[in-house]
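File shown here: work-v4.cif, holding mmCIF, C-alpha atoms.
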```
data_query
#
loop_
_atom_site.label_atom_id
_atom_site.label_comp_id
_atom_site.auth_asym_id
_atom_site.auth_seq_id
_atom_site.Cartn_x
_atom_site.Cartn_y
_atom_site.Cartn_z
CA MET M 1 0.00 0.00 0.00
CA GLU M 2 2.80 2.34 0.88
CA ILE M 3 4.54 1.65 -2.43
CA PHE M 4 1.27 2.34 -4.29
CA GLY M 5 1.03 5.70 -2.51
CA MET M 6 4.61 6.52 -3.41
CA ILE M 7 3.90 5.70 -7.06
CA LEU M 8 0.89 8.05 -6.98
CA ILE M 9 3.03 10.84 -5.52
CA GLY M 10 5.68 10.17 -8.18
CA ILE M 11 3.20 10.36 -11.05
CA GLY M 12 1.70 13.51 -9.56
CA ALA M 13 5.12 15.12 -9.30
CA ALA M 14 5.86 14.16 -12.92
CA PHE M 15 2.67 15.89 -14.08
CA LEU M 16 3.58 18.98 -12.06
CA LEU M 17 6.98 18.99 -13.79
CA ILE M 18 5.34 18.67 -17.23
CA GLY M 19 3.04 21.54 -16.28
CA SER M 20 5.99 23.76 -15.44
CA ILE M 21 7.74 22.86 -18.70
CA GLY M 22 4.49 23.71 -20.46
CA ILE M 23 4.31 27.12 -18.83
CA TYR M 24 7.87 27.75 -20.02
CA ARG M 25 7.40 26.50 -23.58
CA MET M 26 3.94 27.69 -24.57
CA PRO M 27 3.79 30.79 -26.77
CA ASP M 28 1.06 32.95 -25.21
CA VAL M 29 -0.77 33.51 -21.95
CA TYR M 30 -3.84 31.42 -22.87
CA ASN M 31 -1.85 28.37 -23.85
CA ARG M 32 0.18 28.74 -20.70
CA ILE M 33 -2.96 28.75 -18.61
CA GLN M 34 -4.05 25.60 -20.44
CA ALA M 35 -0.85 23.79 -19.55
CA GLY M 36 -0.86 25.21 -16.06
CA THR M 37 -4.43 24.30 -15.15
CA LYS M 38 -4.61 20.77 -16.47
CA CYS M 39 -1.30 19.48 -15.21
CA THR M 40 -1.47 21.15 -11.82
CA THR M 41 -4.98 19.84 -11.22
CA LEU M 42 -4.14 16.18 -11.78
CA GLY M 43 -0.63 16.65 -10.38
CA SER M 44 -1.74 18.05 -7.04
CA PHE M 45 -4.74 15.69 -6.96
CA LEU M 46 -2.49 12.61 -7.28
CA THR M 47 0.13 13.97 -4.87
CA ILE M 48 -2.45 14.70 -2.16
CA ILE M 49 -4.26 11.37 -2.63
CA GLY M 50 -0.87 9.64 -2.58
CA VAL M 51 -0.11 11.13 0.83
CA GLY M 52 -3.50 9.84 1.98
CA VAL M 53 -2.67 6.34 0.76
CA VAL M 54 0.70 6.30 2.52
CA GLN M 55 -0.94 7.54 5.74
CA PRO M 56 -4.33 5.76 5.74
CA GLU M 57 -5.67 7.66 8.76
CA TRP M 58 -5.43 10.89 6.74
CA PHE M 59 -7.13 9.46 3.67
CA TRP M 60 -10.57 11.08 4.05
CA LYS M 61 -9.11 14.47 4.84
CA THR M 62 -6.79 14.33 1.84
CA LEU M 63 -9.71 13.26 -0.32
CA ILE M 64 -11.69 16.34 0.72
CA ILE M 65 -8.67 18.61 0.16
CA ALA M 66 -8.22 17.05 -3.29
CA ILE M 67 -11.87 17.68 -4.16
CA PHE M 68 -11.54 21.32 -3.09
CA VAL M 69 -8.47 21.67 -5.32
CA LEU M 70 -10.40 20.07 -8.16
CA VAL M 71 -13.25 22.57 -7.75
CA SER M 72 -11.21 25.72 -7.16
CA ASN M 73 -8.41 25.26 -9.70
CA PRO M 74 -10.53 25.81 -12.84
CA VAL M 75 -12.13 28.86 -11.22
CA SER M 76 -8.79 30.58 -10.72
CA SER M 77 -7.67 29.83 -14.27
CA HIS M 78 -11.02 31.10 -15.55
CA ALA M 79 -10.47 34.37 -13.67
CA LEU M 80 -6.97 34.72 -15.14
CA GLY M 81 -8.16 33.98 -18.67
CA ARG M 82 -11.12 36.34 -18.43
CA ALA M 83 -8.95 39.16 -17.11
CA SER M 84 -6.38 38.74 -19.89
CA ARG M 85 -9.15 38.70 -22.50
CA LYS M 86 -10.66 41.88 -21.06
CA LYS M 87 -7.21 43.48 -21.15
CA ARG M 88 -6.96 42.40 -24.82
CA ILE M 89 -3.69 40.61 -24.36
CA SER M 90 -2.90 39.45 -27.88
CA LEU M 91 -3.02 35.85 -29.01
CA TYR M 92 -0.22 33.72 -30.42
CA GLU M 93 0.29 34.80 -34.05
CA LYS M 94 -0.47 31.30 -35.38
CA SER M 95 -3.92 31.23 -33.76
CA VAL M 96 -6.55 30.22 -36.27
CA VAL M 97 -9.71 31.90 -35.00
CA ASP M 98 -10.67 34.59 -32.50
CA LYS M 99 -14.35 35.16 -31.81
CA THR M 100 -13.98 37.51 -28.87
CA ASP M 101 -15.34 40.51 -30.77
CA GLU M 102 -18.38 38.57 -31.86
CA PHE M 103 -18.92 37.48 -28.27
CA THR M 104 -18.63 40.92 -26.72
CA GLY M 105 -20.38 42.60 -29.66
CA GLN M 106 -23.58 40.65 -29.13
CA GLN M 107 -23.59 41.56 -25.46
CA LYS M 108 -24.42 45.20 -26.12
CA MET P 1 -42.69 19.59 -17.71
CA LYS P 2 -44.57 18.97 -14.48
CA GLU P 3 -41.34 19.30 -12.53
CA LYS P 4 -40.76 22.82 -13.79
CA GLU P 5 -44.12 24.08 -12.49
CA LYS P 6 -43.46 23.16 -8.88
CA ILE P 7 -39.96 24.62 -8.88
CA HIS P 8 -40.72 26.66 -5.78
CA VAL P 9 -39.94 24.47 -2.77
CA HIS P 10 -40.80 25.35 0.78
CA PRO P 11 -37.93 27.34 2.42
CA ALA P 12 -37.79 24.85 5.29
CA VAL P 13 -36.89 22.10 2.82
CA ASN P 14 -34.02 24.18 1.51
CA PHE P 15 -32.91 24.87 5.05
CA ILE P 16 -32.86 21.20 6.03
CA TYR P 17 -31.21 20.20 2.76
CA LEU P 18 -28.38 22.71 3.22
CA PHE P 19 -28.02 21.78 6.88
CA VAL P 20 -27.62 18.09 6.05
CA ILE P 21 -24.99 18.84 3.40
CA LEU P 22 -22.96 21.06 5.76
CA MET P 23 -23.21 18.57 8.61
CA THR P 24 -22.06 15.74 6.31
CA ILE P 25 -19.03 17.74 5.20
CA TRP P 26 -18.21 18.55 8.80
CA MET P 27 -18.43 14.93 9.88
CA ALA P 28 -16.33 13.81 6.92
CA LEU P 29 -13.69 16.37 7.86
CA THR P 30 -13.51 15.67 11.59
CA ARG P 31 -14.27 11.93 11.35
CA SER P 32 -15.12 11.74 15.02
CA LEU P 33 -18.35 11.24 16.95
CA SER P 34 -17.21 12.85 20.20
CA PRO P 35 -19.85 15.23 21.58
CA PRO P 36 -17.77 18.46 21.46
CA GLU P 37 -17.03 17.98 17.75
CA LEU P 38 -20.65 17.20 16.97
CA ILE P 39 -21.96 20.19 18.94
CA ALA P 40 -19.51 22.54 17.23
CA GLY P 41 -20.45 21.17 13.82
CA PHE P 42 -24.14 21.39 14.64
CA ALA P 43 -23.80 25.03 15.70
CA VAL P 44 -21.75 26.06 12.66
CA SER P 45 -24.07 24.26 10.23
CA LEU P 46 -27.12 25.78 11.92
CA VAL P 47 -25.81 29.35 11.70
CA LEU P 48 -24.61 28.95 8.10
CA SER P 49 -27.84 27.38 6.88
CA LEU P 50 -29.90 30.07 8.65
CA LEU P 51 -27.84 32.73 6.88
CA LEU P 52 -27.68 31.11 3.48
CA TYR P 53 -30.80 29.05 2.80
CA ARG P 54 -32.39 31.85 0.78
CA ASN P 55 -29.42 32.08 -1.59
CA PHE P 56 -29.29 28.32 -1.77
CA GLU P 57 -32.35 28.07 -3.96
CA LYS P 58 -31.19 30.88 -6.22
CA ALA P 59 -27.94 29.08 -6.97
CA GLY P 60 -30.08 26.39 -8.58
CA PHE P 61 -29.17 23.32 -6.61
CA PRO P 62 -31.22 20.41 -7.87
CA PRO P 63 -34.27 19.49 -5.80
CA ILE P 64 -33.87 16.63 -3.32
CA PRO P 65 -32.15 14.02 -5.46
CA GLY P 66 -33.71 10.69 -6.31
CA LEU P 67 -31.77 7.52 -7.04
CA LYS P 68 -31.59 8.30 -10.75
CA LYS P 69 -29.96 11.68 -10.14
CA ILE P 70 -27.45 10.25 -7.67
CA GLY P 71 -26.61 7.54 -10.18
CA TYR P 72 -26.06 10.08 -12.93
CA SER P 73 -23.94 12.24 -10.60
CA LEU P 74 -21.66 9.28 -9.90
CA LEU P 75 -21.51 8.48 -13.62
CA TYR P 76 -20.66 12.11 -14.25
CA ALA P 77 -17.80 11.93 -11.75
CA VAL P 78 -16.40 8.88 -13.55
CA VAL P 79 -16.69 10.57 -16.97
CA LEU P 80 -15.03 13.70 -15.60
CA LEU P 81 -12.16 11.73 -14.07
CA LYS P 82 -11.56 9.93 -17.37
CA GLU P 83 -11.58 13.26 -19.23
CA ILE P 84 -9.14 14.80 -16.72
CA ILE P 85 -6.65 11.98 -17.24
CA LEU P 86 -7.04 12.22 -21.04
CA ALA P 87 -6.57 15.99 -20.81
CA ASN P 88 -3.33 15.58 -18.94
CA LEU P 89 -1.91 13.05 -21.37
CA ASP P 90 -2.96 15.34 -24.22
CA VAL P 91 -1.28 18.40 -22.71
CA ALA P 92 1.80 16.38 -21.75
CA TYR P 93 2.10 15.23 -25.37
CA ARG P 94 1.77 18.75 -26.73
CA VAL P 95 4.24 20.16 -24.23
CA LEU P 96 6.93 17.53 -24.69
CA HIS P 97 6.65 17.22 -28.48
CA PRO P 98 9.63 19.08 -30.00
CA LYS P 99 7.50 20.90 -32.59
CA MET P 100 4.63 21.66 -30.17
CA PRO P 101 1.61 20.67 -32.31
CA ILE P 102 -0.79 23.41 -31.21
CA LYS P 103 -3.38 25.27 -33.27
CA PRO P 104 -4.98 27.62 -30.76
CA GLY P 105 -8.02 29.80 -31.17
CA ILE P 106 -11.02 31.23 -29.37
CA VAL P 107 -14.48 29.89 -30.20
CA ILE P 108 -18.03 30.29 -28.91
CA ILE P 109 -20.28 27.45 -27.80
CA LYS P 110 -23.88 27.42 -26.61
CA THR P 111 -25.45 25.67 -23.67
CA GLY P 112 -29.04 24.75 -22.89
CA LEU P 113 -28.53 24.74 -19.12
CA LYS P 114 -30.43 27.29 -17.06
CA GLN P 115 -29.20 27.17 -13.46
CA ASP P 116 -26.07 29.07 -12.44
CA LEU P 117 -24.68 26.06 -10.64
CA ALA P 118 -25.14 23.84 -13.70
CA LYS P 119 -23.32 26.38 -15.86
CA LEU P 120 -20.53 26.60 -13.30
CA ILE P 121 -20.07 22.84 -13.32
CA LEU P 122 -20.14 22.79 -17.12
CA ALA P 123 -17.56 25.59 -17.37
CA ASN P 124 -15.29 23.93 -14.82
CA SER P 125 -15.57 20.59 -16.58
CA ILE P 126 -14.72 22.19 -19.92
CA THR P 127 -11.65 23.74 -18.33
CA LEU P 128 -10.53 20.35 -17.08
CA THR P 129 -10.98 18.50 -20.37
CA PRO P 130 -8.56 18.06 -23.26
CA GLY P 131 -7.43 21.28 -24.85
CA THR P 132 -10.30 23.57 -23.92
CA PHE P 133 -10.75 26.20 -21.27
CA THR P 134 -13.51 28.62 -20.45
CA LEU P 135 -12.76 32.33 -20.74
CA ASP P 136 -16.18 33.85 -20.19
CA ILE P 137 -19.87 33.06 -19.79
CA GLU P 138 -22.74 35.28 -20.87
CA ASP P 139 -26.29 33.89 -20.64
CA ASP P 140 -26.26 30.76 -22.78
CA ARG P 141 -22.94 31.35 -24.54
CA LEU P 142 -19.47 30.35 -23.42
CA LEU P 143 -16.21 31.76 -24.77
CA ILE P 144 -13.73 28.91 -25.07
CA HIS P 145 -10.01 28.89 -25.72
CA TRP P 146 -9.24 25.75 -27.73
CA ILE P 147 -5.67 24.57 -28.06
CA ASN P 148 -6.34 22.53 -31.19
CA VAL P 149 -9.21 24.15 -33.10
CA LYS P 150 -11.13 21.66 -35.25
CA THR P 151 -14.06 23.87 -36.24
CA ASP P 152 -15.16 27.47 -35.74
CA ASN P 153 -18.83 26.68 -36.30
CA VAL P 154 -20.87 27.31 -33.13
CA GLU P 155 -23.10 24.20 -33.35
CA GLU P 156 -20.27 21.83 -34.22
CA ALA P 157 -18.05 23.20 -31.47
CA THR P 158 -20.92 22.83 -28.99
CA ARG P 159 -21.32 19.21 -29.99
CA MET P 160 -17.59 18.50 -29.70
CA ILE P 161 -16.89 20.36 -26.44
CA GLY P 162 -20.03 20.69 -24.36
CA GLU P 163 -22.31 17.83 -25.29
CA ARG P 164 -20.55 14.99 -23.48
CA PHE P 165 -21.11 16.75 -20.14
CA GLU P 166 -24.35 18.49 -20.88
CA ARG P 167 -26.35 15.32 -21.42
CA TYR P 168 -25.58 14.22 -17.85
CA LEU P 169 -26.05 17.67 -16.31
CA ARG P 170 -29.43 18.06 -18.03
CA ILE P 171 -30.71 14.97 -16.21
CA ILE P 172 -29.13 15.90 -12.87
CA PHE P 173 -30.58 19.42 -12.89
CA GLN P 174 -33.96 18.90 -14.52
#
```
Can you give me the file's structure in the form of C-alpha cells?
Amino acid sequence: MEIFGMILIGIGAAFLLIGSIGIYRMPDVYNRIQAGTKCTTLGSFLTIIGVGVVQPEWFWKTLIIAIFVLVSNPVSSHALGRASRKKRISLYEKSVVDKTDEFTGQQK
Amino acid sequence: MKEKEKIHVHPAVNFIYLFVILMTIWMALTRSLSPPELIAGFAVSLVLSLLLYRNFEKAGFPPIPGLKKIGYSLLYAVVLLKEIILANLDVAYRVLHPKMPIKPGIVIIKTGLKQDLAKLILANSITLTPGTFTLDIEDDRLLIHWINVKTDNVEEATRMIGERFERYLRIIFQ
C-alpha cells in the first residue's frame, strides 16, 4: 500500500513537472494557462491522494482537500483567462480563430 | 414539464437540505463522533444554513435528489475523471513534443442549461478536459479557448466540447 502511494506521488510530481515545462514552452498567456491548469490539477490531486494512501488515517481528509483543489483550480484559471481577455492581451500569431469581438459585440 | 411548475420548494426544505450537506461535510472532515465535535459542527451548520438558505435556492441546486440523479452524478464523476486523465496526457504530449503541435483559437459554444450552478459545473468541466478552457460566460454562450481548433462553427463546437457533459447535467438538474 505504501509503495502504491509513493507511485501516486511520483506520477503527480511528474505531471507537475510537465506543467511547469508547459508554462515555459507555450507561446502565449492562454496556452500557458491551459498547460498550467490541467497538469497542476491532476498533479496536485495525485500527490495529495498519494499522501493519503501512505498515511491511511489521513485518507478522508486528503480526499476532501483534493476535491476542493479540483473545484477551485478551474475557477482561478477562468479568472486569469477572463482578465487577460478583457485586457486584450494578444493571441499567439499562429492562432486560427478569435471570436472575442463577436462574443462581446452581441452583449451590447 | 410537471417538474418545472413546482420549482418553488418550501424554504424549510431548503434549510434542512443545506443543513444536512454542511453537517455531512463537517463529519467527513472531523471523522469523530465525540460530543464536542458534533456540537460545534451542529452550531456552525445551523448558523450557516440560517444565513444562506435563501441564496441556496437561487444558486439552482437540484431538488432533493432521487436515485436516478445520484446515479447520474456518480456516472458524471467517472466521466469527468476519465476526461481529466485524457486531458493531462494530451497536454503532456503537446508540451513535450519538440514541434509543439498546437493550433490555438477562441471559439463560442452554446449551452441549454439554465441554473447558475449547472453552468458553473459545465464551465469547470470544460476547463478540465482536453485542450479547452472557459474564458467567459454570458447567458447561454461560453467563450472557449481551444488549443487545437477543429471547427469554428458554433453548433459543431458545442457538440464536440459541451455535449458529453451536458447530457448528464441536463438529467441531474432537470
Could you list the residues chosen by the PyMOL selection byres ((chain M and resi 44) around 8) in this structure as number ranges by chain? M: 12-13, 16, 40-43, 45-48, 66, 69
Selection export as a short mmCIF file (atom, residue, chain, number, x, y, z; two decimals), in the frame of the given file, atoms kept: C-alpha atoms:
```
data_model
loop_
_atom_site.label_atom_id
_atom_site.label_comp_id
_atom_site.auth_asym_id
_atom_site.auth_seq_id
_atom_site.Cartn_x
_atom_site.Cartn_y
_atom_site.Cartn_z
CA GLY M 12 1.70 13.51 -9.56
CA ALA M 13 5.12 15.12 -9.30
CA LEU M 16 3.58 18.98 -12.06
CA THR M 40 -1.47 21.15 -11.82
CA THR M 41 -4.98 19.84 -11.22
CA LEU M 42 -4.14 16.18 -11.78
CA GLY M 43 -0.63 16.65 -10.38
CA PHE M 45 -4.74 15.69 -6.96
CA LEU M 46 -2.49 12.61 -7.28
CA THR M 47 0.13 13.97 -4.87
CA ILE M 48 -2.45 14.70 -2.16
CA ALA M 66 -8.22 17.05 -3.29
CA VAL M 69 -8.47 21.67 -5.32
#
```
Just to confirm, what's the straight-line distance from atom CA of Ile85 of chain P to atom CA of Phe173 of chain P in Å (one decimal)?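 Atom-to-atom, atom CA of Ile85 of chain P and atom CA of Phe173 of chain P are spaced 25.4 Å apart.
Between Ala79 of chain M and the residues M:Gln55, M:Thr62, M:Ser20, M:Thr37, the shortest atom-to-atom distance, using all atoms listed in the file, involves M:Thr37.
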Show me which bits of chain M are within 8 Å of chain P, counting all atoms listed in the file, as a ChimeraX atom specification. /M:15,18-19,21-22,25-26,30-31,34-35,37-39,42,60-61,64,71,74-75,78-79,81-82,85,92,94-100,103,107
Selection export as an mmCIF file, in the coordinates of the input, atoms kept: C-alpha atoms:
```cif
data_model
loop_
_atom_site.group_PDB
_atom_site.id
_atom_site.type_symbol
_atom_site.label_atom_id
_atom_site.label_comp_id
_atom_site.auth_asym_id
_atom_site.auth_seq_id
_atom_site.Cartn_x
_atom_site.Cartn_y
_atom_site.Cartn_z
ATOM 1 C CA PHE M 15 2.670 15.890 -14.080
ATOM 2 C CA ILE M 18 5.340 18.670 -17.230
ATOM 3 C CA GLY M 19 3.040 21.540 -16.280
ATOM 4 C CA ILE M 21 7.740 22.860 -18.700
ATOM 5 C CA GLY M 22 4.490 23.710 -20.460
ATOM 6 C CA ARG M 25 7.400 26.500 -23.580
ATOM 7 C CA MET M 26 3.940 27.690 -24.570
ATOM 8 C CA TYR M 30 -3.840 31.420 -22.870
ATOM 9 C CA ASN M 31 -1.850 28.370 -23.850
ATOM 10 C CA GLN M 34 -4.050 25.600 -20.440
ATOM 11 C CA ALA M 35 -0.850 23.790 -19.550
ATOM 12 C CA THR M 37 -4.430 24.300 -15.150
ATOM 13 C CA LYS M 38 -4.610 20.770 -16.470
ATOM 14 C CA CYS M 39 -1.300 19.480 -15.210
ATOM 15 C CA LEU M 42 -4.140 16.180 -11.780
ATOM 16 C CA TRP M 60 -10.570 11.080 4.050
ATOM 17 C CA LYS M 61 -9.110 14.470 4.840
ATOM 18 C CA ILE M 64 -11.690 16.340 0.720
ATOM 19 C CA VAL M 71 -13.250 22.570 -7.750
ATOM 20 C CA PRO M 74 -10.530 25.810 -12.840
ATOM 21 C CA VAL M 75 -12.130 28.860 -11.220
ATOM 22 C CA HIS M 78 -11.020 31.100 -15.550
ATOM 23 C CA ALA M 79 -10.470 34.370 -13.670
ATOM 24 C CA GLY M 81 -8.160 33.980 -18.670
ATOM 25 C CA ARG M 82 -11.120 36.340 -18.430
ATOM 26 C CA ARG M 85 -9.150 38.700 -22.500
ATOM 27 C CA TYR M 92 -0.220 33.720 -30.420
ATOM 28 C CA LYS M 94 -0.470 31.300 -35.380
ATOM 29 C CA SER M 95 -3.920 31.230 -33.760
ATOM 30 C CA VAL M 96 -6.550 30.220 -36.270
ATOM 31 C CA VAL M 97 -9.710 31.900 -35.000
ATOM 32 C CA ASP M 98 -10.670 34.590 -32.500
ATOM 33 C CA LYS M 99 -14.350 35.160 -31.810
ATOM 34 C CA THR M 100 -13.980 37.510 -28.870
ATOM 35 C CA PHE M 103 -18.920 37.480 -28.270
ATOM 36 C CA GLN M 107 -23.590 41.560 -25.460
#
```
Residues near Tyr17 of chain P, cut-off 9 Å, only C-alpha atoms, skip fewer than 5 positions along chain, as an MDAnalysis selection string: chainID P and resid 12 22 49 53 64
Evaluate the PyMOL selection byres ((chain P and resi 68-77) around 10) and report residues as a PyMOL selection string: chain P and resi 62-67+78-83+164-169+171-174
Between atom CA of Leu18 of chain P and atom CA of Leu51 of chain P, what distance in Å does the model show, to one decimal?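 Distance between the two atoms: 10.7 Å.
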Reference answer for the PyMOL selection byres ((chain M and resi 5) around 12), as a PyMOL selection string: chain M and resi 1-4+6-12+46-56+59
Suppose you want the space between atom CA of Ser77 of chain M and atom CA of Thr24 of chain P; what is it in Å?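 So the two atoms, atom CA of Ser77 of chain M and atom CA of Thr24 of chain P, lie 28.8 Å apart.
The smallest atom-to-atom distance between Ile16 of chain P and any of P:Leu33, P:Ala40, P:Ala157, P:Leu48, using all atoms listed in the file, is found for P:Leu48.
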How would segment 50-68 of chain M look written as a compact mmCIF listing (two decimals), in the first residue's frame with N, CA, C and O atoms?
```txt
# COMPACT_ATOMS: atom_id res chain seq x y z
N GLY M 50 -1.99 10.52 -2.89
CA GLY M 50 -0.87 9.64 -2.58
C GLY M 50 -0.46 9.74 -1.12
O GLY M 50 -0.21 8.72 -0.46
N VAL M 51 -0.41 10.95 -0.59
CA VAL M 51 -0.11 11.13 0.83
C VAL M 51 -1.16 10.42 1.68
O VAL M 51 -0.83 9.75 2.67
N GLY M 52 -2.43 10.52 1.25
CA GLY M 52 -3.50 9.84 1.98
C GLY M 52 -3.36 8.33 1.95
O GLY M 52 -3.72 7.65 2.90
N VAL M 53 -2.83 7.79 0.85
CA VAL M 53 -2.67 6.34 0.76
C VAL M 53 -1.50 5.88 1.63
O VAL M 53 -1.57 4.84 2.30
N VAL M 54 -0.44 6.66 1.67
CA VAL M 54 0.70 6.30 2.52
C VAL M 54 0.31 6.36 3.99
O VAL M 54 0.71 5.51 4.80
N GLN M 55 -0.46 7.39 4.36
CA GLN M 55 -0.94 7.54 5.74
C GLN M 55 -2.45 7.29 5.79
O GLN M 55 -3.22 8.24 5.69
N PRO M 56 -2.89 6.04 5.91
CA PRO M 56 -4.33 5.76 5.74
C PRO M 56 -5.23 6.56 6.68
O PRO M 56 -6.37 6.85 6.32
N GLU M 57 -4.75 6.93 7.87
CA GLU M 57 -5.67 7.66 8.76
C GLU M 57 -5.95 9.08 8.26
O GLU M 57 -6.88 9.73 8.72
N TRP M 58 -5.17 9.56 7.31
CA TRP M 58 -5.43 10.89 6.74
C TRP M 58 -6.28 10.82 5.47
O TRP M 58 -6.57 11.85 4.88
N PHE M 59 -6.61 9.60 5.03
CA PHE M 59 -7.13 9.46 3.67
C PHE M 59 -8.34 10.34 3.40
O PHE M 59 -8.40 11.04 2.39
N TRP M 60 -9.34 10.32 4.34
CA TRP M 60 -10.57 11.08 4.05
C TRP M 60 -10.31 12.57 3.98
O TRP M 60 -10.87 13.27 3.15
N LYS M 61 -9.42 13.03 4.88
CA LYS M 61 -9.11 14.47 4.84
C LYS M 61 -8.43 14.84 3.53
O LYS M 61 -8.76 15.85 2.90
N THR M 62 -7.46 14.01 3.10
CA THR M 62 -6.79 14.33 1.84
C THR M 62 -7.76 14.28 0.68
O THR M 62 -7.67 15.08 -0.24
N LEU M 63 -8.73 13.33 0.76
CA LEU M 63 -9.71 13.26 -0.32
C LEU M 63 -10.50 14.56 -0.42
O LEU M 63 -10.73 15.09 -1.52
N ILE M 64 -10.90 15.10 0.74
CA ILE M 64 -11.69 16.34 0.72
C ILE M 64 -10.83 17.51 0.23
O ILE M 64 -11.28 18.34 -0.58
N ILE M 65 -9.56 17.56 0.67
CA ILE M 65 -8.67 18.61 0.16
C ILE M 65 -8.55 18.49 -1.36
O ILE M 65 -8.64 19.49 -2.09
N ALA M 66 -8.38 17.26 -1.84
CA ALA M 66 -8.22 17.05 -3.29
C ALA M 66 -9.45 17.52 -4.03
O ALA M 66 -9.34 18.14 -5.10
N ILE M 67 -10.64 17.25 -3.47
CA ILE M 67 -11.87 17.68 -4.16
C ILE M 67 -11.95 19.21 -4.18
O ILE M 67 -12.33 19.81 -5.19
N PHE M 68 -11.53 19.85 -3.08
CA PHE M 68 -11.54 21.32 -3.09
C PHE M 68 -10.58 21.87 -4.14
O PHE M 68 -10.89 22.85 -4.84
```
